[in-house]
$ cat coords_11.txt   # compact mmCIF, C-alpha atoms
# COMPACT_ATOMS: atom_id res chain seq x y z
CA MET A 596 194.27 -11.68 109.90
CA PRO A 597 195.39 -8.24 108.60
CA VAL A 598 198.36 -6.46 110.17
CA LEU A 599 196.89 -4.04 112.71
CA HIS A 600 199.85 -1.74 113.11
CA ASN A 601 202.36 0.05 110.90
CA ARG A 602 205.53 -1.80 109.82
CA ILE A 603 207.14 0.87 107.63
CA ASN A 604 209.80 3.22 108.96
CA ASN A 605 208.81 6.77 109.80
CA GLU A 606 210.93 8.53 107.19
CA GLU A 607 209.58 6.42 104.33
CA LEU A 608 206.01 7.09 105.49
CA LYS A 609 206.69 10.81 105.59
CA GLN A 610 208.11 10.81 102.08
CA ARG A 611 205.09 8.89 100.79
CA MET A 612 202.77 11.45 102.36
CA LEU A 613 204.72 14.38 100.88
CA ALA A 614 204.49 12.77 97.44
CA GLU A 615 200.68 12.66 97.57
CA THR A 616 198.93 14.94 95.12
CA GLU A 617 195.40 14.82 96.53
CA PRO A 618 194.75 17.43 99.25
CA ARG A 619 194.00 16.22 102.77
CA THR A 620 191.46 17.42 105.31
CA THR A 621 192.69 17.68 108.91
CA VAL A 622 190.12 17.24 111.67
CA SER A 623 189.93 16.52 115.38
CA PHE A 624 187.10 14.82 117.26
CA TYR A 625 186.29 13.23 120.59
CA LYS A 626 183.42 11.64 122.45
CA TYR A 627 182.99 10.48 126.01
CA PHE A 628 180.93 7.28 125.97
CA PRO A 629 181.29 3.77 127.44
CA VAL A 630 183.43 1.39 125.38
CA ALA A 631 183.05 -2.17 126.66
CA ASP A 632 185.99 -3.68 124.74
CA PRO A 633 188.52 -1.00 123.71
CA VAL A 634 190.91 -3.46 122.03
CA THR A 635 188.27 -4.91 119.70
CA PHE A 636 186.90 -1.43 119.02
CA ARG A 637 190.41 -0.18 118.23
CA ASN A 638 191.08 -3.02 115.80
CA GLN A 639 187.81 -2.45 113.95
CA LEU A 640 188.62 1.23 113.54
CA TYR A 641 192.17 0.50 112.40
CA ILE A 642 190.98 -1.75 109.59
CA ALA A 643 188.33 0.74 108.41
CA PHE A 644 190.56 3.82 108.62
CA THR A 645 193.61 2.20 107.01
CA ALA A 646 191.49 1.41 103.95
CA LEU A 647 190.64 5.14 103.72
CA LYS A 648 194.29 6.26 104.07
CA VAL A 649 193.66 8.01 107.37
CA PHE A 650 196.77 9.34 109.14
CA GLY A 651 197.03 10.75 112.65
CA ARG A 652 196.65 9.88 116.33
CA ILE A 653 193.58 8.24 117.82
CA TYR A 654 193.22 7.09 121.42
CA VAL A 655 190.55 4.66 122.58
CA ALA A 656 189.66 3.87 126.20
CA HIS A 657 186.75 2.61 128.26
CA GLU A 658 185.66 6.25 128.56
CA GLY A 659 185.55 7.04 124.82
CA ILE A 660 187.61 8.16 121.83
CA ASN A 661 189.90 11.09 121.02
CA GLY A 662 191.46 11.71 117.60
CA GLN A 663 193.40 14.16 115.48
CA ILE A 664 193.67 12.93 111.91
CA SER A 665 194.06 13.83 108.25
CA VAL A 666 192.28 12.07 105.40
CA PRO A 667 192.34 12.52 101.61
CA ALA A 668 189.64 15.07 100.77
CA GLY A 669 187.92 12.54 98.51
CA ASN A 670 187.65 10.07 101.41
CA TYR A 671 186.41 12.54 104.02
CA GLU A 672 182.72 11.66 103.72
CA ALA A 673 183.53 7.94 103.78
CA PHE A 674 185.66 8.50 106.88
CA LYS A 675 182.80 10.31 108.63
CA GLU A 676 180.42 7.50 107.73
CA ALA A 677 182.84 4.88 109.05
CA LEU A 678 183.28 6.78 112.32
CA TYR A 679 179.57 7.49 112.73
CA ASN A 680 178.75 3.83 112.18
CA ALA A 681 181.42 2.53 114.58
CA ALA A 682 179.11 3.01 117.58
CA PRO A 683 175.63 4.50 118.06
CA GLU A 684 177.07 7.22 120.34
CA LEU A 685 179.39 8.40 117.54
CA ASN A 686 176.66 9.04 115.01
CA GLY A 687 176.86 12.73 114.10
CA ILE A 688 179.66 13.73 116.50
CA ARG A 689 181.23 17.11 115.84
CA MET A 690 184.27 17.30 113.60
CA ASN A 691 186.63 20.22 114.27
CA ILE A 692 188.16 21.05 110.89
CA ALA A 693 191.60 22.70 111.18
CA LEU A 694 191.63 26.44 110.50
CA GLU A 695 195.14 26.57 109.03
CA ASP A 696 196.59 23.40 107.57
CA ASP A 697 198.21 22.04 104.43
CA GLY A 698 197.19 18.46 105.18
CA LYS A 699 200.79 17.44 105.85
CA SER A 700 200.61 17.20 109.64
CA PHE A 701 200.53 13.38 109.86
CA TRP A 702 202.02 10.55 107.81
CA ALA A 703 200.99 7.39 109.71
CA LEU A 704 197.96 6.11 111.58
CA ARG A 705 198.70 5.53 115.25
CA LEU A 706 195.65 4.09 116.97
CA LYS A 707 196.26 3.18 120.61
CA VAL A 708 194.31 1.81 123.56
CA ARG A 709 194.88 3.83 126.71
CA PRO A 710 193.54 3.76 130.28
CA LYS A 711 191.79 7.08 129.57
CA ILE A 712 191.46 9.35 126.54
CA VAL A 713 192.59 12.22 128.80
CA ALA A 714 194.86 11.41 131.74
CA ASP A 715 193.13 13.07 134.69
CA GLY A 716 194.32 11.43 137.92
CA ILE A 717 190.71 11.03 139.06
CA ASP A 718 190.19 7.85 141.09
CA ASP A 719 186.91 8.81 142.77
CA PRO A 720 184.37 6.10 141.81
CA THR A 721 181.50 8.57 142.29
CA PHE A 722 182.80 10.93 139.57
CA ASP A 723 180.34 10.91 136.68
CA MET A 724 181.63 12.15 133.32
CA SER A 725 178.10 12.30 131.96
CA LYS A 726 177.32 15.18 134.33
CA SER A 727 179.34 17.89 132.61
CA GLY A 728 178.80 21.63 132.24
CA LYS A 729 176.60 23.42 129.74
CA TYR A 730 177.90 23.91 126.20
CA LEU A 731 178.47 27.46 124.98
CA LYS A 732 178.41 28.28 121.28
CA ALA A 733 180.50 31.24 120.04
CA LYS A 734 177.76 33.85 120.40
CA GLU A 735 176.73 32.51 123.81
CA TYR A 736 180.35 32.59 124.94
CA ASN A 737 180.76 36.24 123.93
CA GLU A 738 177.60 37.20 125.79
CA LEU A 739 178.38 35.33 129.00
CA ALA A 740 182.03 36.43 128.99
CA GLU A 741 180.89 40.06 129.21
CA GLN A 742 179.01 39.53 132.44
CA PRO A 743 180.86 40.81 135.53
CA ASP A 744 180.27 37.65 137.59
CA THR A 745 181.88 35.38 134.95
CA ILE A 746 185.28 33.74 135.42
CA ILE A 747 187.06 32.31 132.36
CA VAL A 748 189.44 29.42 132.99
CA ASP A 749 192.04 28.11 130.51
CA MET A 750 192.48 24.35 130.96
CA ARG A 751 195.48 24.01 128.66
CA ASN A 752 199.20 23.86 129.38
CA HIS A 753 201.24 26.97 130.09
CA TYR A 754 202.97 26.89 126.69
CA GLU A 755 199.57 26.86 124.98
CA TYR A 756 198.24 29.76 127.07
CA GLU A 757 201.42 31.72 126.44
CA VAL A 758 200.84 32.21 122.69
CA GLY A 759 197.08 32.73 122.76
CA HIS A 760 194.09 32.83 125.09
CA PHE A 761 190.66 34.34 125.61
CA GLU A 762 190.49 37.88 126.96
CA HIS A 763 190.59 37.95 130.78
CA ALA A 764 191.14 34.17 131.00
CA ILE A 765 193.05 32.92 134.02
CA GLU A 766 195.81 30.36 133.67
CA VAL A 767 195.88 27.33 135.97
CA PRO A 768 199.68 27.20 136.48
CA SER A 769 200.43 23.49 136.30
CA ASP A 770 202.39 21.31 133.90
CA THR A 771 199.76 18.57 133.62
CA PHE A 772 196.00 18.34 133.27
CA ARG A 773 195.81 15.89 136.18
CA ASP A 774 197.37 18.54 138.45
CA GLN A 775 195.25 21.35 137.00
CA LEU A 776 191.94 19.80 138.04
CA PRO A 777 192.41 19.98 141.85
CA MET A 778 194.33 23.24 141.44
CA ALA A 779 191.39 24.87 139.61
CA VAL A 780 189.03 23.73 142.38
CA ASP A 781 191.32 25.24 145.01
CA MET A 782 191.88 28.51 143.08
CA LEU A 783 188.13 29.08 142.74
CA LYS A 784 186.90 27.53 146.00
CA ASP A 785 185.35 30.80 147.20
CA LYS A 786 183.61 31.43 143.85
CA LYS A 787 181.32 28.42 143.60
CA ASP A 788 178.27 30.58 142.80
CA LYS A 789 179.97 32.48 139.94
CA ASN A 790 179.64 31.66 136.26
CA ILE A 791 182.68 29.50 135.45
CA ILE A 792 183.57 29.11 131.76
CA MET A 793 186.20 26.50 130.95
CA TYR A 794 187.89 26.08 127.59
CA CYS A 795 190.65 24.18 125.83
CA THR A 796 191.84 23.45 122.28
CA GLY A 797 189.09 21.17 120.97
CA GLY A 798 186.77 20.69 123.95
CA ILE A 799 187.93 17.38 125.40
CA ARG A 800 189.81 18.71 128.43
CA CYS A 801 187.36 21.46 129.35
CA GLU A 802 184.40 19.07 129.14
CA LYS A 803 186.02 16.79 131.70
CA ALA A 804 187.10 19.79 133.77
CA SER A 805 183.53 21.11 133.82
CA ALA A 806 182.28 17.75 135.12
CA TYR A 807 184.99 17.79 137.80
CA MET A 808 184.02 21.30 138.92
CA LEU A 809 180.35 20.30 139.20
CA HIS A 810 181.45 17.17 141.10
CA ASN A 811 183.19 19.50 143.57
CA GLY A 812 180.18 21.69 144.28
CA PHE A 813 180.38 24.48 141.70
CA LYS A 814 176.93 25.61 140.59
CA ASN A 815 177.16 27.36 137.21
CA VAL A 816 179.77 25.67 135.05
CA PHE A 817 180.04 26.08 131.28
CA HIS A 818 182.48 24.93 128.61
CA VAL A 819 183.11 26.15 125.07
CA GLU A 820 181.61 23.75 122.57
CA GLY A 821 184.34 22.41 120.31
CA GLY A 822 186.96 24.45 122.18
CA ILE A 823 188.98 27.21 120.58
CA ILE A 824 188.90 25.54 117.14
CA GLU A 825 185.11 25.54 116.85
CA TYR A 826 184.75 28.92 118.57
CA ALA A 827 187.09 30.62 116.08
CA ARG A 828 185.43 28.95 113.10
CA LYS A 829 181.93 29.96 114.20
CA ALA A 830 182.91 33.47 115.28
CA LYS A 831 184.45 34.18 111.87
CA GLU A 832 181.56 32.52 110.05
CA GLU A 833 179.01 34.61 111.98
CA ASN A 834 181.10 37.83 111.95
CA LEU A 835 181.27 37.91 115.75
CA PRO A 836 183.95 39.80 117.70
CA LEU A 837 186.87 37.43 118.36
CA LYS A 838 187.47 37.21 122.10
CA PHE A 839 190.41 34.85 121.62
CA LYS A 840 193.70 36.63 120.93
CA GLY A 841 196.84 35.23 119.33
CA LYS A 842 197.61 31.67 118.28
CA ASN A 843 195.95 28.39 119.11
CA PHE A 844 198.66 25.82 119.93
CA VAL A 845 198.10 22.47 118.20
CA PHE A 846 199.79 19.12 118.77
CA ASP A 847 201.12 18.35 115.32
CA GLU A 848 203.94 19.61 113.14
CA ARG A 849 202.31 23.04 112.79
CA LEU A 850 202.57 23.74 116.56
CA GLY A 851 199.97 26.46 116.15
CA GLU A 852 197.27 28.01 113.99
CA ARG A 853 196.73 31.75 114.00
CA ILE A 854 193.38 33.06 115.22
CA THR A 855 194.19 36.79 115.28
CA GLU A 856 197.23 38.83 114.28
CA ASP A 857 198.02 39.65 117.94
CA VAL A 858 201.45 38.41 119.06
CA ILE A 859 201.22 38.15 122.84
CA ALA A 860 204.30 36.01 123.57
CA GLU A 861 208.04 36.66 123.46
CA CYS A 862 211.11 34.85 122.16
CA HIS A 863 212.51 32.76 125.01
CA ILE A 864 216.04 33.77 124.10
CA CYS A 865 215.98 37.51 123.42
CA GLY A 866 212.53 38.60 124.62
CA LYS A 867 211.32 40.13 121.36
CA PRO A 868 207.64 39.72 120.41
CA CYS A 869 207.26 36.24 118.92
CA ASP A 870 204.84 33.31 119.11
CA THR A 871 206.62 30.69 116.99
CA HIS A 872 207.11 27.42 118.86
CA THR A 873 209.88 25.08 117.79
CA ASN A 874 211.83 22.13 119.15
CA CYS A 875 215.54 22.54 119.80
CA ALA A 876 217.45 21.19 116.79
CA ASN A 877 219.88 19.33 119.04
CA ASP A 878 218.84 15.65 119.10
CA GLY A 879 219.99 15.49 122.71
CA CYS A 880 217.50 18.19 123.76
CA HIS A 881 214.46 18.83 121.54
CA LEU A 882 213.15 21.35 124.10
CA LEU A 883 209.86 22.96 123.07
CA PHE A 884 210.36 26.72 123.20
CA ILE A 885 209.55 30.00 121.44
CA GLN A 886 212.22 31.39 119.13
CA CYS A 887 212.25 34.37 116.78
CA ALA A 888 213.72 34.14 113.27
CA GLU A 889 216.81 36.15 114.26
CA CYS A 890 217.68 33.85 117.17
CA ALA A 891 216.88 30.78 115.06
CA ALA A 892 219.52 31.94 112.57
CA VAL A 893 222.10 32.81 115.24
CA TYR A 894 221.66 29.56 117.18
CA GLU A 895 220.83 27.31 114.21
CA GLY A 896 217.44 26.38 115.64
CA CYS A 897 218.89 25.44 119.02
CA CYS A 898 217.88 26.74 122.44
CA SER A 899 221.42 27.54 123.63
CA THR A 900 225.04 27.85 122.54
CA GLU A 901 225.70 24.54 124.32
CA CYS A 902 223.09 22.75 122.21
CA MET A 903 224.30 24.43 119.02
CA GLU A 904 227.87 23.30 119.68
CA GLU A 905 226.72 19.76 120.47
CA LYS A 906 224.53 19.58 117.34
CA ASN A 907 227.56 20.33 115.17
CA LEU A 908 229.77 17.61 116.67
CA PRO A 909 230.32 14.30 114.85
CA GLU A 910 227.51 11.86 115.67
CA ASP A 911 229.69 9.57 117.77
CA GLN A 912 230.76 12.51 119.97
CA GLN A 913 227.13 13.62 120.31
CA ARG A 914 226.19 10.16 121.53
CA GLU A 915 229.06 10.18 124.04
CA ARG A 916 227.89 13.50 125.47
CA ARG A 917 224.30 12.34 125.75
CA ALA A 918 225.12 8.99 127.37
CA GLY A 919 223.57 8.74 130.82
CA ARG A 920 222.47 12.35 131.06
CA GLU A 921 218.97 12.25 129.50
CA ASN A 922 217.18 13.16 132.72
CA GLY A 923 219.63 15.92 133.49
CA MET A 924 219.03 17.53 130.12
CA MET A 925 215.25 17.22 130.58
CA ILE A 926 214.71 15.93 127.04
CA PHE A 927 211.35 17.04 125.59
CA ASN A 928 210.78 18.99 128.83
CA LYS A 929 207.76 21.30 128.65
CA SER A 930 207.76 22.30 132.31
CA LYS A 931 207.20 25.89 133.30
CA GLU A 932 210.16 25.41 135.64
CA HIS A 933 212.67 24.80 132.84
CA PRO A 934 215.42 27.46 133.18
CA LEU A 935 214.77 28.86 129.69
CA ARG A 936 211.20 29.68 130.75
CA LYS A 937 211.58 30.20 134.50
CA HIS A 938 214.03 33.10 134.21
CA ARG A 939 212.36 35.03 131.42
CA SER A 940 211.94 38.00 133.78
CA GLU A 941 215.69 38.53 133.42
CA TRP A 942 215.18 39.67 129.80
CA LYS A 943 213.87 42.98 131.08
CA LYS A 944 217.07 43.58 133.03
CA THR A 945 219.14 43.67 129.83
CA PRO A 946 218.48 46.97 127.99
CA SER A 947 219.79 45.70 124.67
CA ASN A 948 217.91 42.39 124.90
CA THR A 949 221.06 40.76 123.59
CA PRO A 950 220.52 36.99 123.24
CA ASN A 951 222.14 35.07 126.08
CA PRO A 952 220.67 31.59 125.95
CA SER A 953 223.08 29.73 128.20
CA ARG A 954 221.42 27.22 130.51
$ encode --input "coords_11.txt" --output "structure tokens"
Amino acid sequence: MPVLHNRINNEELKQRMLAETEPRTTVSFYKYFPVADPVTFRNQLYIAFTALKVFGRIYVAHEGINGQISVPAGNYEAFKEALYNAAPELNGIRMNIALEDDGKSFWALRLKVRPKIVADGIDDPTFDMSKSGKYLKAKEYNELAEQPDTIIVDMRNHYEYEVGHFEHAIEVPSDTFRDQLPMAVDMLKDKKDKNIIMYCTGGIRCEKASAYMLHNGFKNVFHVEGGIIEYARKAKEENLPLKFKGKNFVFDERLGERITEDVIAECHICGKPCDTHTNCANDGCHLLFIQCAECAAVYEGCCSTECMEEKNLPEDQQRERRAGRENGMMIFNKSKEHPLRKHRSEWKKTPSNTPNPSR
């Protein structure tokens, strides 16, 4: 039986990918449909996709499939055929091709079985994912968004909304999708007869959110077909006015692809206009935050003087400092309540906007 998972270390895989000479195509896709045996389905896909040198992340669950991958350009059509033939429901599913990408976003295939392809916290047995809102293509979105009784809802995380969103879109201020769903219902409970447009990066979250809103009594619920990625592609292709401003955050090494030249966010350290996400260079932190080039140079890619000092210590001293304090440092924390984000209003109190990134 073939090995159905990767056995090569991450750094070697990355170097192999960087040494490739054939360009890669980066795409995302998803489909809600019943999968009777996710493990067997996963294994079949792994064998087929490994043979085509597919890299990326794919999640399989009883409710469907969700993937973000790259594939050698010469294998793209073969990849589509393999995916389309994997199940009748996948035949012809939409592929969201990345707008800005050098094909170097992934260097291994990670194909996992999960309880759900999108963690939603829904345990109501009467919830029916097949009863979702109406799709909106780019032109249809622009037309409906102009109507006065339309409400536009962003179903992404706060750090995604921060660097780019549709005009007049409201943010659902939660750190997780599972918390956003009931929060959106509560925020809009007196607007059940309005036009509700929901959107996200590639369509998977807003499609589920639209079904949840309908399940909770909302009448006119829509979602953007293919999310921001497909909207931007179609709007540019059809020379439509772009209603999305700024960057579209993406979950790979790019951390964003630019839709328009608008910079609507600010550096989390000094407050200057900036929409470049990065992870703190200190291995004991890795906080996701926005940092301008000037602050990146001053703090060596770290989010604070404390992290910069720790990063420059000998490795054994770094390990000693980190021992037992992972939760206190909130490693990989993306919460809106993290001090670096929570107290951004204090930037405006400092006329010189002098960087002061202490925790």
$ closest_residue --input "coords_11.txt" --among "A:Met808, A:Cys869, A:Ala740, A:Ala779" --to "Phe839 of chain A" --atoms "only C-alpha atoms"
A:Ala740
$ residues_around --input "coords_11.txt" --residues "Gln742 of chain A" --least-positions-apart "5" --cutoff "12 Å" --atoms "all atoms listed in the file" --output "PDB file with C-alpha atoms, keeping the file's coordinate frame"
ATOM      1  CA  GLU A 735     176.730  32.510 123.810  1.00  0.00           C
ATOM      2  CA  TYR A 736     180.350  32.590 124.940  1.00  0.00           C
ATOM      3  CA  ASN A 737     180.760  36.240 123.930  1.00  0.00           C
ATOM      4  CA  ILE A 747     187.060  32.310 132.360  1.00  0.00           C
ATOM      5  CA  HIS A 763     190.590  37.950 130.780  1.00  0.00           C
ATOM      6  CA  LYS A 789     179.970  32.480 139.940  1.00  0.00           C
ATOM      7  CA  ASN A 790     179.640  31.660 136.260  1.00  0.00           C
ATOM      8  CA  ILE A 791     182.680  29.500 135.450  1.00  0.00           C
ATOM      9  CA  ILE A 792     183.570  29.110 131.760  1.00  0.00           C
TER      10      ILE A 792
END
$ atom_distance --input "coords_11.txt" --atom1 "atom CA of Glu672 of chain A" --atom2 "atom CA of Ala693 of chain A"
16.0 Å
$ atom_distance --input "coords_11.txt" --atom1 "atom CA of Thr635 of chain A" --atom2 "atom CA of Val708 of chain A"
9.8 Å
$ closest_atom_pairs --input "coords_11.txt" --of "segment 690-808 of chain A" --to "segment 871-882 of chain A" --cutoff "10 Å" --atoms "all atoms listed in the file" --output "tab-separated table"
residue	atom	partner	partner_atom	distance
A:Tyr754	CA	A:His872	CA	8.9
A:Glu755	CA	A:His872	CA	9.7
A:Val758	CA	A:Thr871	CA	8.3
$ atom_distance --input "coords_11.txt" --atom1 "atom CA of Thr645 of chain A" --atom2 "atom CA of Arg828 of chain A"
28.6 Å
$ axis_aligned_box --input "coords_11.txt" --around "segment 671-677 of chain A" --padding-each-side "4 Å" --output "JSON"
{"center_x": 183.4, "center_y": 8.7, "center_z": 106.4, "size_x": 14.0, "size_y": 15.7, "size_z": 13.3}
$ closest_residue --input "coords_11.txt" --among "A:Leu731, A:Cys902, A:Val622, A:Ala631" --to "Ile692 of chain A" --atoms "only C-alpha atoms"
A:Val622
$ closest_residue --input "coords_11.txt" --among "A:Tyr807, A:Phe650, A:Phe701, A:Tyr641" --to "Asp718 of chain A" --atoms "all atoms listed in the file"
A:Tyr807
$ closest_residue --input "coords_11.txt" --among "A:Pro629, A:Pro909, A:Gly759, A:Pro777" --to "Ile717 of chain A" --atoms "only C-alpha atoms"
A:Pro777
$ residues_around --input "coords_11.txt" --residues "Lys732 of chain A" --least-positions-apart "5" --cutoff "7 Å" --atoms "all atoms listed in the file" --output "ChimeraX atom specification"
/A:819-820,826
$ closest_residue --input "coords_11.txt" --among "A:Lys831, A:Arg619, A:Arg849, A:Lys814" --to "Lys786 of chain A" --atoms "only C-alpha atoms"
A:Lys814
$ residues_near_point --input "coords_11.txt" --point "(194.0, 20.5, 141.6)" --cutoff "12 Å" --atoms "only C-alpha atoms" --output "PyMOL selection string"
chain A and resi 715-717+750+767-784+804+807-808+811
$ closest_residue --input "coords_11.txt" --among "A:Gly866, A:Gly797, A:Leu835, A:Phe644" --to "Glu738 of chain A" --atoms "all atoms listed in the file"
A:Leu835
$ residues_near_point --input "coords_11.txt" --point "(191.4, 30.5, 127.1)" --cutoff "10 Å" --atoms "all atoms listed in the file" --output "PyMOL selection string"
chain A and resi 747-751+755-756+759-766+792-796+819+822-823+838-840+843
$ residues_around --input "coords_11.txt" --residues "Val634 of chain A" --least-positions-apart "3" --cutoff "9 Å" --atoms "all atoms listed in the file" --output "PyMOL selection string"
chain A and resi 637-639+655-656+707-708
$ residues_around --input "coords_11.txt" --residues "Ile660 of chain A" --least-positions-apart "4" --cutoff "6 Å" --atoms "only C-alpha atoms" --output "list of chain:residue names"
A:Tyr625, A:Lys626, A:Tyr654, A:Val655
$ build_atoms --input "coords_11.txt" --residues "segment 647-673 of chain A" --atoms "N, CA and C atoms" --output "tab-separated table (two decimals), keeping the file's coordinate frame"
chain	number	residue	atom	x	y	z
A	647	LEU	N	190.97	3.78	104.19
A	647	LEU	CA	190.64	5.14	103.72
A	647	LEU	C	191.85	6.07	103.75
A	648	LYS	N	193.04	5.50	104.03
A	648	LYS	CA	194.29	6.26	104.07
A	648	LYS	C	194.26	7.38	105.10
A	649	VAL	N	193.70	7.06	106.27
A	649	VAL	CA	193.66	8.01	107.37
A	649	VAL	C	195.01	8.01	108.08
A	650	PHE	N	195.56	9.19	108.34
A	650	PHE	CA	196.77	9.34	109.14
A	650	PHE	C	196.41	10.12	110.41
A	651	GLY	N	197.24	9.96	111.45
A	651	GLY	CA	197.03	10.75	112.65
A	651	GLY	C	197.12	9.94	113.91
A	652	ARG	N	196.62	10.52	115.01
A	652	ARG	CA	196.65	9.88	116.33
A	652	ARG	C	195.22	9.71	116.83
A	653	ILE	N	194.89	8.51	117.24
A	653	ILE	CA	193.58	8.24	117.82
A	653	ILE	C	193.78	7.41	119.07
A	654	TYR	N	193.16	7.84	120.17
A	654	TYR	CA	193.22	7.09	121.42
A	654	TYR	C	191.83	6.57	121.77
A	655	VAL	N	191.79	5.31	122.18
A	655	VAL	CA	190.55	4.66	122.58
A	655	VAL	C	190.71	4.17	124.02
A	656	ALA	N	189.66	4.33	124.81
A	656	ALA	CA	189.66	3.87	126.20
A	656	ALA	C	188.24	3.49	126.58
A	657	HIS	N	188.09	2.94	127.78
A	657	HIS	CA	186.75	2.61	128.26
A	657	HIS	C	185.85	3.84	128.31
A	658	GLU	N	186.47	5.04	128.43
A	658	GLU	CA	185.66	6.25	128.56
A	658	GLU	C	185.36	6.93	127.23
A	659	GLY	N	185.90	6.42	126.09
A	659	GLY	CA	185.55	7.04	124.82
A	659	GLY	C	186.67	7.05	123.80
A	660	ILE	N	186.66	8.07	122.94
A	660	ILE	CA	187.61	8.16	121.83
A	660	ILE	C	188.07	9.60	121.67
A	661	ASN	N	189.32	9.77	121.24
A	661	ASN	CA	189.90	11.09	121.02
A	661	ASN	C	190.85	10.99	119.83
A	662	GLY	N	190.63	11.82	118.79
A	662	GLY	CA	191.46	11.71	117.60
A	662	GLY	C	191.80	13.03	116.96
A	663	GLN	N	192.97	13.06	116.35
A	663	GLN	CA	193.40	14.16	115.48
A	663	GLN	C	193.96	13.50	114.24
A	664	ILE	N	193.30	13.70	113.10
A	664	ILE	CA	193.67	12.93	111.91
A	664	ILE	C	193.65	13.80	110.64
A	665	SER	N	194.24	13.26	109.58
A	665	SER	CA	194.06	13.83	108.25
A	665	SER	C	193.61	12.71	107.33
A	666	VAL	N	192.81	13.06	106.32
A	666	VAL	CA	192.28	12.07	105.40
A	666	VAL	C	192.20	12.70	104.02
A	667	PRO	N	192.50	11.94	102.95
A	667	PRO	CA	192.34	12.52	101.61
A	667	PRO	C	190.96	13.14	101.46
A	668	ALA	N	190.91	14.33	100.87
A	668	ALA	CA	189.64	15.07	100.77
A	668	ALA	C	188.54	14.21	100.14
A	669	GLY	N	188.91	13.39	99.17
A	669	GLY	CA	187.92	12.54	98.51
A	669	GLY	C	187.39	11.43	99.39
A	670	ASN	N	188.08	11.13	100.49
A	670	ASN	CA	187.65	10.07	101.41
A	670	ASN	C	187.00	10.63	102.67
A	671	TYR	N	186.89	11.95	102.77
A	671	TYR	CA	186.41	12.54	104.02
A	671	TYR	C	185.00	12.07	104.39
A	672	GLU	N	184.09	12.08	103.44
A	672	GLU	CA	182.72	11.66	103.72
A	672	GLU	C	182.67	10.18	104.10
A	673	ALA	N	183.48	9.37	103.44
A	673	ALA	CA	183.53	7.94	103.78
A	673	ALA	C	184.10	7.74	105.17
